[in-house]
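What follows is the content of work.txt (compact mmCIF, C-alpha atoms and all ligand atoms).
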```txt
# COMPACT_ATOMS: atom_id res chain seq x y z
CA ALA A 910 -18.68 15.89 1.14
CA LEU A 911 -16.01 15.49 3.77
CA ILE A 912 -17.06 14.08 7.08
CA GLY A 913 -15.40 15.15 10.30
CA LYS A 914 -12.56 13.51 12.19
CA GLY A 915 -14.52 13.73 15.41
CA ASP A 916 -12.16 13.63 18.40
CA HIS A 917 -9.46 11.91 16.40
CA ARG A 918 -6.29 13.52 15.17
CA HIS A 919 -6.47 11.78 11.80
CA TYR A 920 -9.06 10.16 9.60
CA MET A 921 -7.03 6.97 9.70
CA LEU A 922 -7.33 6.68 13.48
CA LYS A 923 -11.02 7.54 13.35
CA GLU A 924 -11.54 4.86 10.72
CA ILE A 925 -9.60 2.28 12.73
CA TYR A 926 -11.89 3.03 15.68
CA GLU A 927 -15.04 2.74 13.57
CA GLN A 928 -14.31 -0.90 12.84
CA PRO A 929 -16.45 -2.57 15.53
CA GLN A 930 -19.42 -0.56 14.24
CA VAL A 931 -18.90 -0.97 10.49
CA ILE A 932 -17.99 -4.65 10.76
CA GLY A 933 -21.22 -5.10 12.72
CA ASP A 934 -23.21 -3.13 10.11
CA THR A 935 -21.75 -5.24 7.31
CA LEU A 936 -22.27 -8.52 9.14
CA SER A 937 -25.88 -7.66 9.91
CA THR A 938 -26.70 -7.66 6.19
CA PHE A 939 -26.01 -11.42 6.11
CA PHE A 940 -26.63 -12.55 9.68
CA ASN A 941 -29.96 -13.80 10.95
CA PRO A 942 -29.87 -13.18 14.72
CA THR A 943 -32.80 -15.49 15.49
CA ALA A 944 -31.50 -18.50 13.61
CA GLN A 945 -27.84 -17.47 14.18
CA THR A 946 -27.14 -18.24 10.54
CA ILE A 947 -25.48 -16.45 7.65
CA SER A 948 -26.93 -16.29 4.16
CA MET A 949 -26.36 -14.54 0.86
CA PRO A 950 -28.86 -12.63 -1.29
CA ASN A 951 -30.18 -14.46 -4.37
CA PHE A 952 -27.52 -14.56 -7.05
CA PRO A 953 -28.11 -14.95 -10.80
CA PHE A 954 -25.78 -17.98 -10.61
CA ASP A 955 -25.94 -21.11 -8.51
CA LEU A 956 -23.36 -21.27 -5.73
CA LYS A 957 -23.37 -25.02 -5.60
CA ASN A 958 -22.39 -25.37 -9.27
CA ILE A 959 -19.33 -23.13 -9.25
CA PRO A 960 -16.34 -25.22 -10.34
CA ARG A 961 -13.62 -22.62 -9.74
CA ILE A 962 -13.23 -19.06 -8.50
CA THR A 963 -10.89 -16.34 -9.73
CA ILE A 964 -10.26 -13.40 -7.40
CA VAL A 965 -8.76 -10.17 -8.74
CA ALA A 966 -8.02 -6.90 -6.90
CA CYS A 967 -5.29 -4.33 -6.15
CA GLY A 968 -3.49 -3.17 -3.03
CA THR A 969 -5.17 -3.83 0.28
CA SER A 970 -8.22 -5.28 -1.46
CA PHE A 971 -5.93 -7.91 -3.00
CA TYR A 972 -4.83 -9.03 0.48
CA ALA A 973 -8.48 -9.37 1.51
CA GLY A 974 -8.86 -11.64 -1.52
CA LEU A 975 -5.87 -13.68 -0.47
CA VAL A 976 -7.40 -14.35 2.96
CA ALA A 977 -10.58 -15.43 1.14
CA LYS A 978 -8.59 -17.95 -0.90
CA TYR A 979 -7.57 -19.69 2.35
CA TRP A 980 -11.17 -19.62 3.64
CA ILE A 981 -12.82 -20.81 0.42
CA GLU A 982 -10.34 -23.58 -0.30
CA GLN A 983 -10.35 -24.91 3.25
CA TYR A 984 -14.09 -24.75 3.95
CA ALA A 985 -15.88 -24.76 0.56
CA ARG A 986 -13.29 -27.00 -1.11
CA ILE A 987 -13.33 -24.95 -4.33
CA GLY A 988 -10.06 -24.06 -6.04
CA VAL A 989 -9.29 -20.33 -6.07
CA ASP A 990 -6.95 -18.52 -8.46
CA ILE A 991 -5.94 -15.06 -7.34
CA ASP A 992 -3.93 -12.30 -8.94
CA VAL A 993 -3.35 -8.58 -8.80
CA ALA A 994 -5.40 -6.85 -11.48
CA SER A 995 -2.45 -5.23 -13.29
CA GLU A 996 -1.04 -8.70 -14.01
CA PHE A 997 -4.27 -10.58 -14.51
CA ARG A 998 -5.68 -8.21 -17.12
CA TYR A 999 -2.79 -8.76 -19.53
CA ARG A 1000 -1.83 -12.37 -19.05
CA GLU A 1001 -4.72 -13.85 -21.06
CA ALA A 1002 -5.54 -16.46 -18.46
CA PRO A 1003 -7.80 -19.27 -19.61
CA MET A 1004 -10.93 -19.36 -17.44
CA GLN A 1005 -13.00 -22.42 -16.66
CA ASP A 1006 -16.55 -22.64 -18.06
CA GLY A 1007 -19.14 -21.76 -15.47
CA GLY A 1008 -16.51 -20.15 -13.26
CA LEU A 1009 -17.09 -17.23 -10.92
CA ALA A 1010 -14.84 -14.17 -11.07
CA LEU A 1011 -14.78 -12.11 -7.88
CA PHE A 1012 -13.56 -8.50 -7.83
CA ILE A 1013 -12.82 -6.65 -4.61
CA SER A 1014 -12.52 -2.88 -4.52
CA GLN A 1015 -13.20 -0.17 -1.97
CA SER A 1016 -13.81 2.48 -4.63
CA GLY A 1017 -15.28 0.26 -7.34
CA GLU A 1018 -13.32 2.40 -9.80
CA THR A 1019 -9.74 1.09 -9.84
CA ALA A 1020 -8.80 1.03 -13.54
CA ASP A 1021 -6.90 -2.26 -13.58
CA THR A 1022 -9.56 -4.10 -11.57
CA LEU A 1023 -12.30 -2.80 -13.86
CA ALA A 1024 -10.35 -3.90 -16.95
CA ALA A 1025 -9.84 -7.35 -15.39
CA LEU A 1026 -13.60 -7.53 -14.74
CA ARG A 1027 -14.29 -6.82 -18.41
CA TYR A 1028 -11.82 -9.51 -19.46
CA ALA A 1029 -13.48 -12.10 -17.18
CA LYS A 1030 -16.84 -11.14 -18.64
CA SER A 1031 -15.50 -11.71 -22.16
CA GLN A 1032 -14.46 -15.18 -20.98
CA GLY A 1033 -18.03 -16.04 -19.97
CA GLN A 1034 -17.51 -15.87 -16.20
CA SER A 1035 -20.21 -14.87 -13.74
CA ILE A 1036 -19.13 -11.58 -12.23
CA LEU A 1037 -19.44 -10.84 -8.51
CA SER A 1038 -18.02 -7.66 -7.00
CA ILE A 1039 -17.47 -6.56 -3.44
CA VAL A 1040 -17.39 -2.76 -3.32
CA ASN A 1041 -17.78 -0.04 -0.73
CA VAL A 1042 -19.13 2.61 -3.11
CA PRO A 1043 -22.62 1.84 -4.41
CA GLU A 1044 -23.28 2.89 -8.00
CA SER A 1045 -19.60 2.66 -8.85
CA SER A 1046 -18.44 1.36 -12.25
CA MET A 1047 -17.81 -2.12 -10.88
CA GLU A 1048 -21.23 -2.30 -9.32
CA ARG A 1049 -22.83 -1.36 -12.64
CA GLU A 1050 -20.89 -3.90 -14.67
CA SER A 1051 -21.28 -6.91 -12.35
CA ASP A 1052 -23.89 -9.68 -12.35
CA ALA A 1053 -24.10 -9.40 -8.57
CA VAL A 1054 -22.71 -7.10 -5.89
CA LEU A 1055 -22.06 -7.43 -2.18
CA LEU A 1056 -21.59 -4.14 -0.37
CA THR A 1057 -19.22 -3.40 2.45
CA HIS A 1058 -20.83 -0.93 4.84
CA ALA A 1059 -17.63 0.83 5.84
CA GLY A 1060 -18.99 4.31 5.07
CA PRO A 1061 -16.70 6.85 3.38
CA GLU A 1062 -13.03 6.02 3.87
CA ILE A 1063 -10.92 9.19 3.70
CA GLY A 1064 -7.48 8.01 4.87
CA VAL A 1065 -5.46 6.87 1.87
CA ALA A 1066 -4.25 3.81 3.81
CA SER A 1067 -7.24 1.48 3.84
CA THR A 1068 -8.36 0.13 7.23
CA LYS A 1069 -12.10 -0.25 7.77
CA ALA A 1070 -12.66 -1.04 4.08
CA PHE A 1071 -10.28 -4.00 4.50
CA THR A 1072 -11.91 -5.51 7.58
CA THR A 1073 -15.40 -5.07 6.15
CA GLN A 1074 -14.22 -6.77 2.93
CA LEU A 1075 -12.99 -9.64 5.10
CA THR A 1076 -16.36 -9.72 6.84
CA VAL A 1077 -18.23 -10.04 3.52
CA LEU A 1078 -15.74 -12.62 2.24
CA ALA A 1079 -16.05 -14.72 5.41
CA CYS A 1080 -19.85 -14.71 5.09
CA PHE A 1081 -19.53 -15.60 1.41
CA ALA A 1082 -17.14 -18.48 2.19
CA ILE A 1083 -19.51 -19.90 4.81
CA SER A 1084 -22.48 -19.70 2.41
CA LEU A 1085 -20.48 -21.28 -0.38
CA ALA A 1086 -19.28 -24.09 1.89
CA LYS A 1087 -22.86 -24.71 2.94
CA ALA A 1088 -24.22 -24.63 -0.64
CA LYS A 1089 -21.53 -27.10 -1.71
CA GLY A 1090 -22.30 -29.40 1.21
CA ALA A 1091 -18.64 -29.11 2.21
CA ILE A 1092 -19.35 -28.38 5.90
CA ASP A 1093 -21.79 -30.01 8.29
CA THR A 1094 -24.30 -28.12 10.46
CA ALA A 1095 -21.99 -28.21 13.49
CA CYS A 1096 -19.17 -26.59 11.54
CA GLU A 1097 -21.54 -24.03 10.04
CA ALA A 1098 -22.85 -23.15 13.51
CA ARG A 1099 -19.29 -22.81 14.81
CA LEU A 1100 -18.29 -20.42 12.00
CA CYS A 1101 -21.45 -18.32 12.37
CA ARG A 1102 -20.90 -18.08 16.12
CA ALA A 1103 -17.32 -16.98 15.55
CA MET A 1104 -18.51 -14.29 13.12
CA ALA A 1105 -21.16 -13.03 15.53
CA GLU A 1106 -18.43 -12.32 18.08
CA VAL A 1107 -16.22 -10.32 15.73
CA PRO A 1108 -17.61 -6.80 16.39
CA SER A 1109 -17.22 -7.04 20.18
CA ARG A 1110 -13.84 -8.76 19.89
CA THR A 1111 -12.68 -5.99 17.57
CA ALA A 1112 -13.64 -3.43 20.19
CA GLU A 1113 -11.58 -5.38 22.73
CA VAL A 1114 -8.52 -5.37 20.50
CA LEU A 1115 -8.69 -1.58 20.18
CA ASN A 1116 -7.76 -1.44 23.86
CA HIS A 1117 -4.20 -2.27 22.83
CA ASP A 1118 -3.88 1.21 21.41
CA GLU A 1119 -1.55 2.49 24.15
CA ALA A 1120 0.69 -0.60 24.15
CA LEU A 1121 1.11 -0.40 20.39
CA ARG A 1122 2.00 3.28 20.65
CA LYS A 1123 4.93 2.25 22.88
CA ILE A 1124 5.99 -0.64 20.65
CA ALA A 1125 5.93 1.75 17.70
CA GLN A 1126 8.87 3.71 19.19
CA ASN A 1127 11.09 0.67 18.63
CA VAL A 1128 9.90 0.14 15.09
CA ALA A 1129 10.22 3.81 14.10
CA GLU A 1130 14.04 3.63 14.28
CA ALA A 1131 14.28 0.70 11.87
CA ARG A 1132 15.26 0.84 8.22
CA ASP A 1133 13.66 -2.52 7.40
CA VAL A 1134 10.85 -4.43 9.08
CA LEU A 1135 9.74 -8.01 8.47
CA TYR A 1136 6.21 -9.30 9.02
CA LEU A 1137 5.70 -13.06 9.26
CA GLY A 1138 2.62 -15.27 9.22
CA ARG A 1139 1.42 -18.65 7.99
CA GLY A 1140 -1.86 -19.70 6.42
CA SER A 1141 -4.51 -16.99 6.60
CA SER A 1142 -2.10 -14.90 8.72
CA PHE A 1143 0.30 -14.64 5.79
CA PRO A 1144 -1.90 -12.09 3.95
CA ILE A 1145 -2.21 -10.14 7.22
CA ALA A 1146 1.60 -10.04 7.41
CA MET A 1147 1.66 -8.59 3.89
CA GLU A 1148 -1.11 -6.12 4.69
CA GLY A 1149 0.79 -5.05 7.83
CA ALA A 1150 3.93 -4.46 5.78
CA LEU A 1151 1.94 -2.51 3.19
CA LYS A 1152 0.38 -0.27 5.86
CA LEU A 1153 3.82 0.49 7.31
CA LYS A 1154 5.34 1.27 3.89
CA GLU A 1155 2.43 3.47 2.88
CA ILE A 1156 2.39 5.80 5.85
CA SER A 1157 5.79 5.60 7.60
CA TYR A 1158 7.99 5.12 4.50
CA ILE A 1159 9.91 2.35 6.26
CA HIS A 1160 10.77 -0.57 4.02
CA ALA A 1161 8.75 -3.58 5.12
CA GLU A 1162 8.10 -7.04 3.76
CA GLY A 1163 5.41 -9.54 4.59
CA TYR A 1164 6.68 -13.09 4.27
CA ALA A 1165 5.30 -16.57 4.69
CA ALA A 1166 6.95 -17.69 7.93
CA GLY A 1167 8.03 -20.96 6.33
CA GLU A 1168 9.80 -19.13 3.49
CA MET A 1169 12.06 -17.20 5.88
CA LYS A 1170 14.84 -19.70 5.62
CA HIS A 1171 14.82 -19.32 1.82
CA GLY A 1172 16.14 -15.80 1.93
CA PRO A 1173 14.94 -13.15 4.38
CA ILE A 1174 16.66 -14.81 7.33
CA ALA A 1175 19.92 -13.52 5.83
CA LEU A 1176 18.74 -9.96 6.57
CA ILE A 1177 18.10 -10.51 10.23
CA ASP A 1178 20.18 -8.75 12.84
CA GLU A 1179 19.38 -6.67 15.90
CA ASN A 1180 18.29 -3.75 13.71
CA VAL A 1181 15.43 -5.56 11.98
CA PRO A 1182 12.17 -5.74 13.96
CA ILE A 1183 10.14 -8.83 13.12
CA ILE A 1184 6.40 -8.67 13.62
CA VAL A 1185 4.94 -12.16 13.98
CA ILE A 1186 1.21 -12.82 13.48
CA ALA A 1187 0.56 -16.08 15.32
CA PRO A 1188 -3.05 -16.85 16.28
CA MET A 1189 -3.65 -20.15 18.05
CA ASP A 1190 -4.40 -22.36 15.05
CA SER A 1191 -2.91 -25.49 13.50
CA ASN A 1192 0.06 -23.43 12.28
CA PHE A 1193 1.00 -21.98 15.66
CA GLU A 1194 3.83 -24.37 16.60
CA LYS A 1195 5.47 -23.97 13.21
CA THR A 1196 5.27 -20.19 13.33
CA ALA A 1197 6.67 -20.26 16.88
CA SER A 1198 9.62 -22.32 15.72
CA ASN A 1199 10.28 -19.91 12.81
CA THR A 1200 10.20 -17.15 15.42
CA GLN A 1201 12.83 -18.97 17.51
CA GLU A 1202 15.05 -19.19 14.41
CA SER A 1203 14.82 -15.42 14.00
CA VAL A 1204 15.53 -14.79 17.67
CA ALA A 1205 18.60 -17.03 17.50
CA ARG A 1206 19.95 -14.66 14.83
CA GLY A 1207 19.46 -11.60 16.98
CA GLY A 1208 16.07 -10.56 15.59
CA LYS A 1209 13.90 -8.28 17.74
CA VAL A 1210 10.53 -10.00 17.72
CA ILE A 1211 7.14 -8.40 18.37
CA PHE A 1212 4.80 -11.34 18.83
CA MET A 1213 1.03 -11.06 18.32
CA ALA A 1214 -0.82 -14.10 19.67
CA SER A 1215 -3.44 -15.27 22.15
CA LYS A 1216 -2.58 -15.43 25.87
CA GLU A 1217 -1.45 -19.04 25.57
CA GLY A 1218 0.78 -18.24 22.58
CA VAL A 1219 2.24 -15.16 24.21
CA GLU A 1220 3.09 -17.16 27.36
CA LYS A 1221 5.07 -19.63 25.29
CA MET A 1222 7.10 -16.98 23.50
CA ALA A 1223 7.32 -13.91 25.75
CA ASP A 1224 10.84 -14.70 27.01
CA HIS A 1225 12.20 -14.54 23.49
CA CYS A 1226 10.51 -11.35 22.34
CA ILE A 1227 11.07 -7.64 22.88
CA ALA A 1228 7.30 -7.10 22.97
CA THR A 1229 4.08 -9.07 22.79
CA VAL A 1230 0.48 -8.21 21.97
CA THR A 1231 -2.05 -10.46 23.71
CA MET A 1232 -5.04 -11.04 21.46
CA PRO A 1233 -8.41 -12.56 22.40
CA ASN A 1234 -8.52 -16.31 21.97
CA VAL A 1235 -10.88 -16.52 19.00
CA ASP A 1236 -11.82 -19.21 16.52
CA PRO A 1237 -8.94 -19.38 13.98
CA PHE A 1238 -11.47 -18.70 11.19
CA VAL A 1239 -11.92 -15.06 12.27
CA ALA A 1240 -8.32 -14.43 13.37
CA PRO A 1241 -7.38 -12.56 10.15
CA ILE A 1242 -10.07 -9.96 10.84
CA LEU A 1243 -8.96 -9.37 14.43
CA TYR A 1244 -5.21 -9.44 13.80
CA SER A 1245 -5.67 -6.69 11.19
CA ILE A 1246 -6.28 -4.21 14.01
CA PRO A 1247 -2.91 -4.31 15.81
CA VAL A 1248 -0.98 -4.10 12.52
CA GLN A 1249 -3.02 -1.03 11.54
CA LEU A 1250 -2.43 0.63 14.91
CA LEU A 1251 1.27 -0.19 14.83
CA ALA A 1252 1.69 1.40 11.38
CA TYR A 1253 -0.31 4.41 12.51
CA TYR A 1254 1.82 5.05 15.60
CA VAL A 1255 5.09 4.50 13.76
CA ALA A 1256 3.98 7.16 11.27
CA ILE A 1257 3.01 9.50 14.12
CA HIS A 1258 6.44 8.95 15.60
CA LYS A 1259 8.09 9.83 12.32
CA GLY A 1260 5.83 12.84 11.79
CA THR A 1261 4.66 11.83 8.33
CA ASP A 1262 1.37 12.91 6.75
CA VAL A 1263 -0.74 9.94 7.82
CA ASP A 1264 -3.92 10.68 5.87
CA GLN A 1265 -2.19 11.90 2.68
CA PRO A 1266 1.03 9.92 2.27
CA ARG A 1267 3.36 11.13 -0.47
CA ASN A 1268 2.91 9.74 -3.99
CA LEU A 1269 -0.23 7.74 -3.13
CA ALA A 1270 -3.81 8.23 -4.26
CA LYS A 1271 -6.98 6.98 -2.63
CA SER A 1272 -8.35 5.75 -5.91
CA VAL A 1273 -6.17 4.78 -8.88
CA THR A 1274 -8.27 5.34 -12.00
CA VAL A 1275 -5.35 5.29 -14.43
CA GLU A 1276 -3.45 2.25 -15.57
C1 LIG B 1 -4.96 2.53 -3.86
C2 LIG B 1 -5.28 2.84 -2.41
C3 LIG B 1 -5.28 1.56 -1.59
C4 LIG B 1 -6.24 0.55 -2.19
C5 LIG B 1 -5.94 0.31 -3.68
C6 LIG B 1 -7.06 -0.47 -4.33
O1 LIG B 1 -3.63 2.08 -3.94
O2 LIG B 1 -4.32 3.74 -1.88
O3 LIG B 1 -5.68 1.83 -0.25
O4 LIG B 1 -6.15 -0.65 -1.49
O5 LIG B 1 -5.84 1.53 -4.38
O6 LIG B 1 -8.20 0.34 -4.33
P1 LIG B 1 -9.67 -0.20 -4.41
O7 LIG B 1 -10.54 1.02 -4.37
O8 LIG B 1 -9.79 -0.92 -5.73
O9 LIG B 1 -9.88 -1.12 -3.26
```
Would you mind writing the file out in structure tokens?
Amino acid sequence: ALIGKGDHRHYMLKEIYEQPQVIGDTLSTFFNPTAQTISMPNFPFDLKNIPRITIVACGTSFYAGLVAKYWIEQYARIGVDIDVASEFRYREAPMQDGGLALFISQSGETADTLAALRYAKSQGQSILSIVNVPESSMERESDAVLLTHAGPEIGVASTKAFTTQLTVLACFAISLAKAKGAIDTACEARLCRAMAEVPSRTAEVLNHDEALRKIAQNVAEARDVLYLGRGSSFPIAMEGALKLKEISYIHAEGYAAGEMKHGPIALIDENVPIIVIAPMDSNFEKTASNTQESVARGGKVIFMASKEGVEKMADHCIATVTMPNVDPFVAPILYSIPVQLLAYYVAIHKGTDVDQPRNLAKSVTVE
């Protein structure tokens, strides 16, 4: 049954605005408010014995998985292989004994992801899925399931499903790191505290709505748009580019900021907007210097960073988005919001069908 759009013009905007609520709902399934700790349900496999993790997904769910790779490798110190399902299912990858295979899917029905799940099962992996639709095929065929509590997502371009996937994955990474003994109690407490703040911080970021609507006017004229980020911001750059492609039909690419000089920098002139995702983390200075290189070639930069970061770069940019100064661990969740809003307003500007973009389906159940 269709649910209403409420006061919003499109489902996509409604779903963007639901994020503080649904992230909070999802977090509350793992968060103990008294102890201020995060824990997982009992799994039929032992987290502390997992030697390697393989993550497989498609589309936006794949980018959520890519953020998780950064989190799991950095904090839990477990190697993560990740691939899109349409490649993984056919490449006959060897899989390590005792390994965990993790599948991420809003619908739980994407054909390639389901086929990849069956392959991993045939290779003796433990199967964990993160899905938004309970009783979906992936839920039925997995050893364990973690649910995102995004509620029905109607807009074809995924928004709240993505940030709730990130919420589950962040909680999973913390629990894994703890089970492995890879983080101490102080670090665990810091990460849990950062997670507890995410719903209210997300609400704060939604206040940029009007500013992003104005910035979108600049982007709407472009033929090509580049998104740059490093570390866990790199997948957010790719997700931002995907959102823009999906609903505004503008060609966009998400690139690792450090790879710019190996190709994309040749494209830069005053007609190519460059969206830079630059939270205040250990990568900030490097991303800022990549930004300077783009500016020197005439690039029009839109810089998304904390107040401190924005102050350093504002003189070189055509626009800035000042983000709350959060723990770098949760930055990918928060920086998802401005890239969603930007894509939305560019599409509005171009007059495209935001909720039903041409040629795209909400759920891809064919190969
Ligand atoms: C389609 C949708 C995307 C989604 C992808 C994966 O392409 O349009 O929004 O990210 O499928 O879907 P899933 O349900 O597996 O997350």
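With all atoms listed in the file taken into account, the protein and nucleic acid residues at most 6 Å from range 919-929 of chain A (excluding it and anything under 4 positions from it in its own chain) are Lys914, Gly1064, Lys1069, Pro1108, Thr1111 and Ala1112 of chain A.
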Who sits within 6 Å of range 1185-1198 of chain A, all atoms listed in the file, same chain under 5 positions skipped, as a list of chain:residue names:
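What passes the distance filter is A:Tyr1136, A:Leu1137, A:Gly1138, A:Phe1212, A:Met1213, A:Ala1214, A:Pro1237.
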Now that the selection is made, can you save its residues with C-alpha atoms as an mmCIF file, in the coordinates of the input?
```
data_model
loop_
_atom_site.group_PDB
_atom_site.id
_atom_site.type_symbol
_atom_site.label_atom_id
_atom_site.label_comp_id
_atom_site.auth_asym_id
_atom_site.auth_seq_id
_atom_site.Cartn_x
_atom_site.Cartn_y
_atom_site.Cartn_z
ATOM 1 C CA TYR A 1136 6.210 -9.300 9.020
ATOM 2 C CA LEU A 1137 5.700 -13.060 9.260
ATOM 3 C CA GLY A 1138 2.620 -15.270 9.220
ATOM 4 C CA PHE A 1212 4.800 -11.340 18.830
ATOM 5 C CA MET A 1213 1.030 -11.060 18.320
ATOM 6 C CA ALA A 1214 -0.820 -14.100 19.670
ATOM 7 C CA PRO A 1237 -8.940 -19.380 13.980
#
```
With distances taken over only C-alpha atoms, the candidate from A:Leu975, A:Val1230, A:Leu1153, A:Ile1013 nearest Ala1129 in chain A is A:Leu1153
Contacts of range 949-963 of chain A within 7 Å, all atoms listed in the file, excl. fewer than 5 positions in-chain, as a PDB file with C-alpha atoms, in the coordinates of the input:
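Final output, result.pdb:
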```
ATOM      1  CA  PHE A 939     -26.010 -11.420   6.110  1.00  0.00           C
ATOM      2  CA  ILE A 987     -13.330 -24.950  -4.330  1.00  0.00           C
ATOM      3  CA  GLY A 988     -10.060 -24.060  -6.040  1.00  0.00           C
ATOM      4  CA  VAL A 989      -9.290 -20.330  -6.070  1.00  0.00           C
ATOM      5  CA  ASP A 990      -6.950 -18.520  -8.460  1.00  0.00           C
ATOM      6  CA  ILE A 991      -5.940 -15.060  -7.340  1.00  0.00           C
ATOM      7  CA  GLN A1005     -13.000 -22.420 -16.660  1.00  0.00           C
ATOM      8  CA  GLY A1007     -19.140 -21.760 -15.470  1.00  0.00           C
ATOM      9  CA  GLY A1008     -16.510 -20.150 -13.260  1.00  0.00           C
ATOM     10  CA  LEU A1009     -17.090 -17.230 -10.920  1.00  0.00           C
ATOM     11  CA  ALA A1010     -14.840 -14.170 -11.070  1.00  0.00           C
ATOM     12  CA  LEU A1011     -14.780 -12.110  -7.880  1.00  0.00           C
ATOM     13  CA  ASP A1052     -23.890  -9.680 -12.350  1.00  0.00           C
ATOM     14  CA  ALA A1053     -24.100  -9.400  -8.570  1.00  0.00           C
ATOM     15  CA  PHE A1081     -19.530 -15.600   1.410  1.00  0.00           C
ATOM     16  CA  SER A1084     -22.480 -19.700   2.410  1.00  0.00           C
ATOM     17  CA  LEU A1085     -20.480 -21.280  -0.380  1.00  0.00           C
ATOM     18  CA  ALA A1088     -24.220 -24.630  -0.640  1.00  0.00           C
ATOM     19  CA  LYS A1089     -21.530 -27.100  -1.710  1.00  0.00           C
TER      20      LYS A1089
END
```
Spatial neighbours of Val1040 in chain A, max dist 9 Å, only C-alpha atoms, sep filter under 4 positions, as a PyMOL selection string:
chain A and resi 1012-1017+1045+1047-1048+1054-1057+1070+1074
Counting only C-alpha atoms, what is within 6 Å of range 1255-1262 of chain A, bar same-chain residues fewer than 5 positions away, as a ChimeraX atom specification?
/A:1125,1129,1156-1157
Atom pair CA of Tyr1028 in chain A / CA of Arg998 in chain A: separation (Å):
6.7 Å
Using all atoms listed in the file, which of A:Val1128, A:Ala1103, A:Ile932, A:Leu1075 sits nearest Ser1141 in chain A?
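Smallest separation from Ser1141 in chain A among the options: A:Leu1075.
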Each side padded by 5 Å, which centre and which edge lengths in Å (one decimal) define the axis-aligned box around the listed atoms of ligand LIG 1 (chain B)? Give them as lines of an AutoDock Vina configuration file.
```
center_x = -7.1
center_y = 1.3
center_z = -3.0
size_x = 16.9
size_y = 14.9
size_z = 15.5
```
Which chains and residue numbers are within 10 Å of ligand LIG 1 (chain B), counting all atoms listed in the file, if I want them as a PyMOL selection string?
chain A and resi 965-973+993-994+1012-1023+1039-1042+1047+1062-1068+1070-1071+1074+1148+1151-1152+1155+1265-1266+1268-1274
Need the neighbours of (-0.1, 1.9, 20.4): which residues are at most 10 Å away, counting only C-alpha atoms, as a list in words?
Leu1115, Asn1116, His1117, Asp1118, Glu1119, Ala1120, Leu1121, Arg1122, Lys1123, Ile1124, Ala1125, Gln1126, Pro1247, Val1248, Gln1249, Leu1250, Leu1251, Ala1252, Tyr1253, Tyr1254 and Val1255 of chain A
Output C-alpha atoms for every residue in the selection just made, as a PDB file, in the frame of the given file.
```pdb
ATOM      1  CA  LEU A1115      -8.690  -1.580  20.180  1.00  0.00           C
ATOM      2  CA  ASN A1116      -7.760  -1.440  23.860  1.00  0.00           C
ATOM      3  CA  HIS A1117      -4.200  -2.270  22.830  1.00  0.00           C
ATOM      4  CA  ASP A1118      -3.880   1.210  21.410  1.00  0.00           C
ATOM      5  CA  GLU A1119      -1.550   2.490  24.150  1.00  0.00           C
ATOM      6  CA  ALA A1120       0.690  -0.600  24.150  1.00  0.00           C
ATOM      7  CA  LEU A1121       1.110  -0.400  20.390  1.00  0.00           C
ATOM      8  CA  ARG A1122       2.000   3.280  20.650  1.00  0.00           C
ATOM      9  CA  LYS A1123       4.930   2.250  22.880  1.00  0.00           C
ATOM     10  CA  ILE A1124       5.990  -0.640  20.650  1.00  0.00           C
ATOM     11  CA  ALA A1125       5.930   1.750  17.700  1.00  0.00           C
ATOM     12  CA  GLN A1126       8.870   3.710  19.190  1.00  0.00           C
ATOM     13  CA  PRO A1247      -2.910  -4.310  15.810  1.00  0.00           C
ATOM     14  CA  VAL A1248      -0.980  -4.100  12.520  1.00  0.00           C
ATOM     15  CA  GLN A1249      -3.020  -1.030  11.540  1.00  0.00           C
ATOM     16  CA  LEU A1250      -2.430   0.630  14.910  1.00  0.00           C
ATOM     17  CA  LEU A1251       1.270  -0.190  14.830  1.00  0.00           C
ATOM     18  CA  ALA A1252       1.690   1.400  11.380  1.00  0.00           C
ATOM     19  CA  TYR A1253      -0.310   4.410  12.510  1.00  0.00           C
ATOM     20  CA  TYR A1254       1.820   5.050  15.600  1.00  0.00           C
ATOM     21  CA  VAL A1255       5.090   4.500  13.760  1.00  0.00           C
TER      22      VAL A1255
END
```
